[in-house]
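One structure is given below, encoded as structure tokens.
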Amino acid sequence: MGNYGQLKLELIRKGLAIPDEIRGISEVICGYCDGQPGDEIVLSLAENFIVKVPIKETGQDQPTLKLDNGKIKLHSMGKEIEVNIVPLPNFVREQMKKRSPISENACIDGYCMNLFLRAVGQKNRLNLTRETILSSIKSAFEEGAADLIQLNMDYCREPDRGLARLAPVVNAIKKEFSTFVSLRGFPPKNKQILDQVYAAGIDLLNLPLEGFVGFAKKGDIISPPLVYDALEYAAKIFPPGTVWTELFLEPESTDALKDKIDYLAEKGIIPLLKLTTPSIITKELYLNIVEVAHHLEETVQKSQLPLKWLFPHCRYMSPLDTRFFLDLPNKAKLNAKPVYKSLLGRKALEGYTKLRRKLRIKDVSDSYESAGL
């Protein structure tokens with residue numbers, strides 16, 4: 001193991017074995033619901049560097065947890081390192097035991113609570129009620145399990161992709177909680193809907209170019225030009241550093257990936273790279289990943305896009321944590337301090353975003369009328 005980034009890729013590729021003799025230890029059992037193969041557990045490999053790993057059966061050359069003198073250690077790639085297990089929030093555990101709607105549609109990723117929403121039924125109502133959403137957010141905040149909220153809106157056939165129906169939900173969240181709200185979804189057919197999204201109170205916007213799961217009906221394909229167009233429009237509305245997209249980190253085709261990174265950064269859009277791994281990661285392939293990490297960091301720095309809005313992700317590389325893929329373990333750290341962990345920074349930015357939103361809404365009032373909003 002050369003660095004924590006290499007270890008993260010190995011864990012995502014192979015999963016994690018937890019021997020029976022340590023499954024009942026309090027530090028271990030706090031990390032999962034039932035601990036059976038297929039369940040997941042989150043490991044903190046270093047401060048602010050986390051990975052969500054599927055639990056697997058014990059096998060040859062399998063990353064494995066061990067107990068050594070009362071300390072939890074990870075055996076992988078011929079080495080043992082001390083790791084921390086991120087506790088599964090109690091409210092998530094309780095909901096999973098009940099198999100309630102929220103248990104299938106909520107998870108924690110670093111500082112972020114993800115809620116997965118979709119339009120259902122003939123009236124295209126949301127799969128989670130406003131009351132359920134607010135209750136789950138309250139539980140997460142009271143437990144200290146999250147610092148911001150991300151609404152993940154699945155594919156919707158409506159021209160606005162269901163984004164407009166989220167406005168009452170976002171308003172309710174903002175009214176009850178002092179928090180930033182992120183939206184991850186599909187681009188609307190009319191990009192001026194994004195003005196309404198911003199006006200509703202969305203602080204961060206992620207329109208993935210690759211890897212978003214959804215089913216478009218025939219003749220309604222979400223093409224890359226449509227996503228690029230929406231991203232570029234959004235980057236003119238939202239504050240710098242708050243518009244993101246997702247790309248696959250495929251170590252076999254780095255040149256095309258670097259070209260995409262260059263283009264996006266030039267347009268004021270921050271790329272997040274989803275960690276996908278082949279069945280075997282050779283030394284050459286990992287050097288390609290290191291090359292991409294260096295290029296991503298350097299390109300975003302040149303663009304002068306702020307990184308403070310980003311947060312640690314379980315399954316992504318971002319400009320925030322490239323050092324974990326480039327530096328030795330004892331030197332790796334985040335490239336910026338996320339705003340969510342600074343009370344003073346949060347308060348200052350909350351005031352800034354409220355003022356900026358009011359000014360922007362005033363500026364785009366004509367575009368609302370033209371969009372029929």
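Residue numbers start at 1 in each chain; chains themselves are named A, B, ... in the order of the structure tokens; ligands are numbered from 1 in the order shown.
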Practice item. Using only C-alpha atoms, determine which residues lie at most 8 Å from Ile149 (chain A), disregarding the query and same-chain residues fewer than 2 positions distant; provide the list as an MDAnalysis selection string. Key: chainID A and resid 112:115 137 146:147 151 179:182
Could you give me the residues within region 16-112 of chain A that DSSP places in helix (DSSP H, G or I), as a PDB file with C-alpha atoms, in the first residue's frame?
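result_17.pdb written:
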ATOM      1  CA  ASP A  20     -16.913 -14.248  13.351  1.00  0.00           C
ATOM      2  CA  GLU A  21     -14.679 -13.776  16.373  1.00  0.00           C
ATOM      3  CA  ILE A  22     -14.839  -9.971  16.160  1.00  0.00           C
ATOM      4  CA  ARG A  23     -18.366  -9.437  14.801  1.00  0.00           C
ATOM      5  CA  SER A  26     -18.862  -3.098  20.285  1.00  0.00           C
ATOM      6  CA  GLU A  27     -16.566  -1.048  18.019  1.00  0.00           C
ATOM      7  CA  VAL A  28     -17.417  -3.348  15.097  1.00  0.00           C
ATOM      8  CA  ILE A  29     -21.095  -4.050  15.661  1.00  0.00           C
ATOM      9  CA  ASN A  90     -29.208   4.933  15.411  1.00  0.00           C
ATOM     10  CA  PHE A  91     -32.113   6.412  13.461  1.00  0.00           C
ATOM     11  CA  VAL A  92     -30.932   4.598  10.305  1.00  0.00           C
ATOM     12  CA  ARG A  93     -30.462   1.335  12.217  1.00  0.00           C
ATOM     13  CA  GLU A  94     -33.950   1.545  13.732  1.00  0.00           C
ATOM     14  CA  GLN A  95     -35.560   2.313  10.385  1.00  0.00           C
ATOM     15  CA  MET A  96     -33.716  -0.587   8.724  1.00  0.00           C
ATOM     16  CA  LYS A  97     -35.042  -2.969  11.376  1.00  0.00           C
ATOM     17  CA  LYS A  98     -38.577  -1.764  10.624  1.00  0.00           C
ATOM     18  CA  PRO A 101     -39.747   3.754   3.566  1.00  0.00           C
ATOM     19  CA  ILE A 102     -36.894   5.842   4.962  1.00  0.00           C
ATOM     20  CA  SER A 103     -34.711   2.739   5.469  1.00  0.00           C
ATOM     21  CA  GLU A 104     -34.586   2.186   1.702  1.00  0.00           C
TER      22      GLU A 104
END
Exercise for review: Using only C-alpha atoms, pick whichever of A:Lys333, A:Lys123, A:Arg323, A:Lys267 has the shortest atom-to-atom distance to Leu305 (chain A).
Suggested key: A:Lys267
Review point. For the atom pair CA of Lys71 (chain A) and CA of Leu326 (chain A), what is the interatomic distance in Å to one decimal place?
Key: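 Between CA of Lys71 (chain A) and CA of Leu326 (chain A) the gap works out to 27.1 Å.
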Check your understanding: Quick one: residues within 12 Å of region 277-293 of chain A, only C-alpha atoms counted, chain neighbours fewer than 3 positions away excluded, as a VMD selection string?
Key -> chain A and resid 1 to 15 77 247 to 262 271 to 274 296 to 300 315 to 327
Could the residues in this selection be written to a file with N, CA and C atoms, as a short mmCIF file (atom, residue, chain, number, x, y, z; two decimals), in the first residue's frame?
data_model
loop_
_atom_site.label_atom_id
_atom_site.label_comp_id
_atom_site.auth_asym_id
_atom_site.auth_seq_id
_atom_site.Cartn_x
_atom_site.Cartn_y
_atom_site.Cartn_z
N MET A 1 0.84 -1.21 0.00
CA MET A 1 0.00 0.00 0.00
C MET A 1 0.87 1.25 0.00
N GLY A 2 0.76 2.03 -1.06
CA GLY A 2 1.55 3.25 -1.13
C GLY A 2 0.90 4.42 -0.43
N ASN A 3 -0.45 4.49 -0.50
CA ASN A 3 -1.17 5.59 0.14
C ASN A 3 -2.61 5.15 0.42
N TYR A 4 -3.36 6.05 1.08
CA TYR A 4 -4.73 5.71 1.45
C TYR A 4 -5.65 5.59 0.23
N GLY A 5 -5.35 6.34 -0.83
CA GLY A 5 -6.17 6.25 -2.04
C GLY A 5 -6.12 4.87 -2.64
N GLN A 6 -4.93 4.29 -2.69
CA GLN A 6 -4.77 2.94 -3.22
C GLN A 6 -5.54 1.93 -2.37
N LEU A 7 -5.52 2.12 -1.06
CA LEU A 7 -6.25 1.23 -0.16
C LEU A 7 -7.76 1.37 -0.36
N LYS A 8 -8.23 2.59 -0.57
CA LYS A 8 -9.66 2.81 -0.80
C LYS A 8 -10.12 2.08 -2.05
N LEU A 9 -9.34 2.15 -3.10
CA LEU A 9 -9.68 1.46 -4.34
C LEU A 9 -9.72 -0.06 -4.12
N GLU A 10 -8.77 -0.56 -3.35
CA GLU A 10 -8.71 -2.00 -3.07
C GLU A 10 -9.95 -2.46 -2.31
N LEU A 11 -10.40 -1.66 -1.35
CA LEU A 11 -11.58 -2.02 -0.57
C LEU A 11 -12.85 -1.98 -1.41
N ILE A 12 -12.96 -0.97 -2.27
CA ILE A 12 -14.13 -0.88 -3.15
C ILE A 12 -14.16 -2.07 -4.11
N ARG A 13 -12.99 -2.49 -4.56
CA ARG A 13 -12.90 -3.59 -5.52
C ARG A 13 -13.18 -4.95 -4.88
N LYS A 14 -12.65 -5.17 -3.67
CA LYS A 14 -12.71 -6.50 -3.07
C LYS A 14 -13.73 -6.66 -1.95
N GLY A 15 -14.16 -5.55 -1.35
CA GLY A 15 -15.02 -5.66 -0.19
C GLY A 15 -14.21 -5.98 1.06
N MET A 77 -3.44 -5.77 1.40
CA MET A 77 -2.28 -5.49 0.57
C MET A 77 -0.97 -5.76 1.31
N LEU A 247 -18.13 11.99 -13.15
CA LEU A 247 -17.52 11.23 -14.23
C LEU A 247 -16.99 9.93 -13.66
N PHE A 248 -16.91 8.90 -14.50
CA PHE A 248 -16.30 7.66 -14.07
C PHE A 248 -14.78 7.80 -14.10
N LEU A 249 -14.12 7.37 -13.04
CA LEU A 249 -12.67 7.30 -13.05
C LEU A 249 -12.26 5.94 -13.58
N GLU A 250 -12.02 5.90 -14.87
CA GLU A 250 -11.63 4.66 -15.52
C GLU A 250 -10.15 4.74 -15.88
N PRO A 251 -9.31 3.98 -15.18
CA PRO A 251 -7.86 4.12 -15.37
C PRO A 251 -7.36 3.73 -16.75
N GLU A 252 -8.23 3.06 -17.55
CA GLU A 252 -7.80 2.64 -18.88
C GLU A 252 -7.88 3.77 -19.91
N SER A 253 -8.63 4.84 -19.63
CA SER A 253 -8.83 5.89 -20.64
C SER A 253 -8.67 7.27 -20.00
N THR A 254 -7.45 7.58 -19.62
CA THR A 254 -7.21 8.81 -18.87
C THR A 254 -7.18 10.07 -19.74
N ASP A 255 -6.77 9.96 -20.99
CA ASP A 255 -6.66 11.15 -21.84
C ASP A 255 -8.02 11.81 -22.04
N ALA A 256 -9.03 11.00 -22.38
CA ALA A 256 -10.38 11.54 -22.58
C ALA A 256 -10.92 12.13 -21.28
N LEU A 257 -10.62 11.47 -20.16
CA LEU A 257 -11.07 11.95 -18.86
C LEU A 257 -10.44 13.30 -18.53
N LYS A 258 -9.17 13.45 -18.80
CA LYS A 258 -8.49 14.72 -18.51
C LYS A 258 -9.04 15.85 -19.37
N ASP A 259 -9.40 15.53 -20.61
CA ASP A 259 -10.01 16.55 -21.48
C ASP A 259 -11.34 17.03 -20.90
N LYS A 260 -12.15 16.09 -20.38
CA LYS A 260 -13.43 16.47 -19.77
C LYS A 260 -13.20 17.34 -18.53
N ILE A 261 -12.22 16.97 -17.72
CA ILE A 261 -11.90 17.75 -16.51
C ILE A 261 -11.52 19.17 -16.89
N ASP A 262 -10.70 19.31 -17.91
CA ASP A 262 -10.26 20.64 -18.36
C ASP A 262 -11.46 21.49 -18.79
N PRO A 271 -15.64 18.65 -11.22
CA PRO A 271 -15.89 17.22 -11.48
C PRO A 271 -15.65 16.39 -10.22
N LEU A 272 -16.55 15.44 -9.96
CA LEU A 272 -16.35 14.41 -8.96
C LEU A 272 -16.13 13.11 -9.72
N LEU A 273 -15.11 12.35 -9.36
CA LEU A 273 -14.76 11.15 -10.10
C LEU A 273 -15.20 9.91 -9.32
N LYS A 274 -16.16 9.18 -9.89
CA LYS A 274 -16.65 7.97 -9.24
C LYS A 274 -15.61 6.86 -9.40
N LEU A 296 -6.48 16.52 -11.91
CA LEU A 296 -7.70 17.09 -11.34
C LEU A 296 -7.36 18.21 -10.36
N GLU A 297 -6.43 17.95 -9.47
CA GLU A 297 -6.04 18.95 -8.47
C GLU A 297 -5.48 20.21 -9.14
N GLU A 298 -4.57 20.01 -10.06
CA GLU A 298 -3.90 21.13 -10.72
C GLU A 298 -4.87 21.96 -11.55
N THR A 299 -5.77 21.29 -12.27
CA THR A 299 -6.71 21.98 -13.14
C THR A 299 -7.69 22.83 -12.35
N VAL A 300 -8.24 22.26 -11.27
CA VAL A 300 -9.21 23.01 -10.46
C VAL A 300 -8.53 24.16 -9.73
N ARG A 315 -17.31 7.12 -2.03
CA ARG A 315 -16.98 6.38 -3.24
C ARG A 315 -16.50 7.27 -4.38
N TYR A 316 -16.02 8.45 -4.07
CA TYR A 316 -15.58 9.38 -5.10
C TYR A 316 -14.20 9.93 -4.79
N MET A 317 -13.52 10.38 -5.83
CA MET A 317 -12.37 11.25 -5.68
C MET A 317 -12.81 12.64 -6.11
N SER A 318 -12.46 13.64 -5.32
CA SER A 318 -12.79 15.01 -5.69
C SER A 318 -11.54 15.87 -5.53
N PRO A 319 -11.57 17.12 -6.02
CA PRO A 319 -10.40 17.99 -5.82
C PRO A 319 -10.10 18.23 -4.35
N LEU A 320 -11.04 17.91 -3.47
CA LEU A 320 -10.83 18.09 -2.05
C LEU A 320 -9.85 17.08 -1.47
N ASP A 321 -9.87 15.84 -1.99
CA ASP A 321 -9.08 14.78 -1.34
C ASP A 321 -8.04 14.12 -2.23
N THR A 322 -7.60 14.80 -3.28
CA THR A 322 -6.61 14.21 -4.18
C THR A 322 -5.30 13.88 -3.48
N ARG A 323 -4.98 14.60 -2.40
CA ARG A 323 -3.72 14.36 -1.69
C ARG A 323 -3.66 12.95 -1.11
N PHE A 324 -4.80 12.36 -0.82
CA PHE A 324 -4.81 11.00 -0.29
C PHE A 324 -4.42 9.98 -1.36
N PHE A 325 -4.49 10.38 -2.64
CA PHE A 325 -4.09 9.52 -3.74
C PHE A 325 -2.66 9.84 -4.21
N LEU A 326 -2.10 10.92 -3.68
CA LEU A 326 -0.79 11.37 -4.14
C LEU A 326 0.30 11.30 -3.07
N ASP A 327 -0.06 11.53 -1.83
CA ASP A 327 0.93 11.63 -0.75
C ASP A 327 1.02 10.36 0.08
#
Practice item. Quick one: pick out all strand (DSSP E or B) residues within region 51-123 of chain A from a backbone DSSP run and write them as number ranges by chain. Key: A: 51-56, 64-68, 71-76, 79-82, 84-86, 106-109, 112-117, 119-120
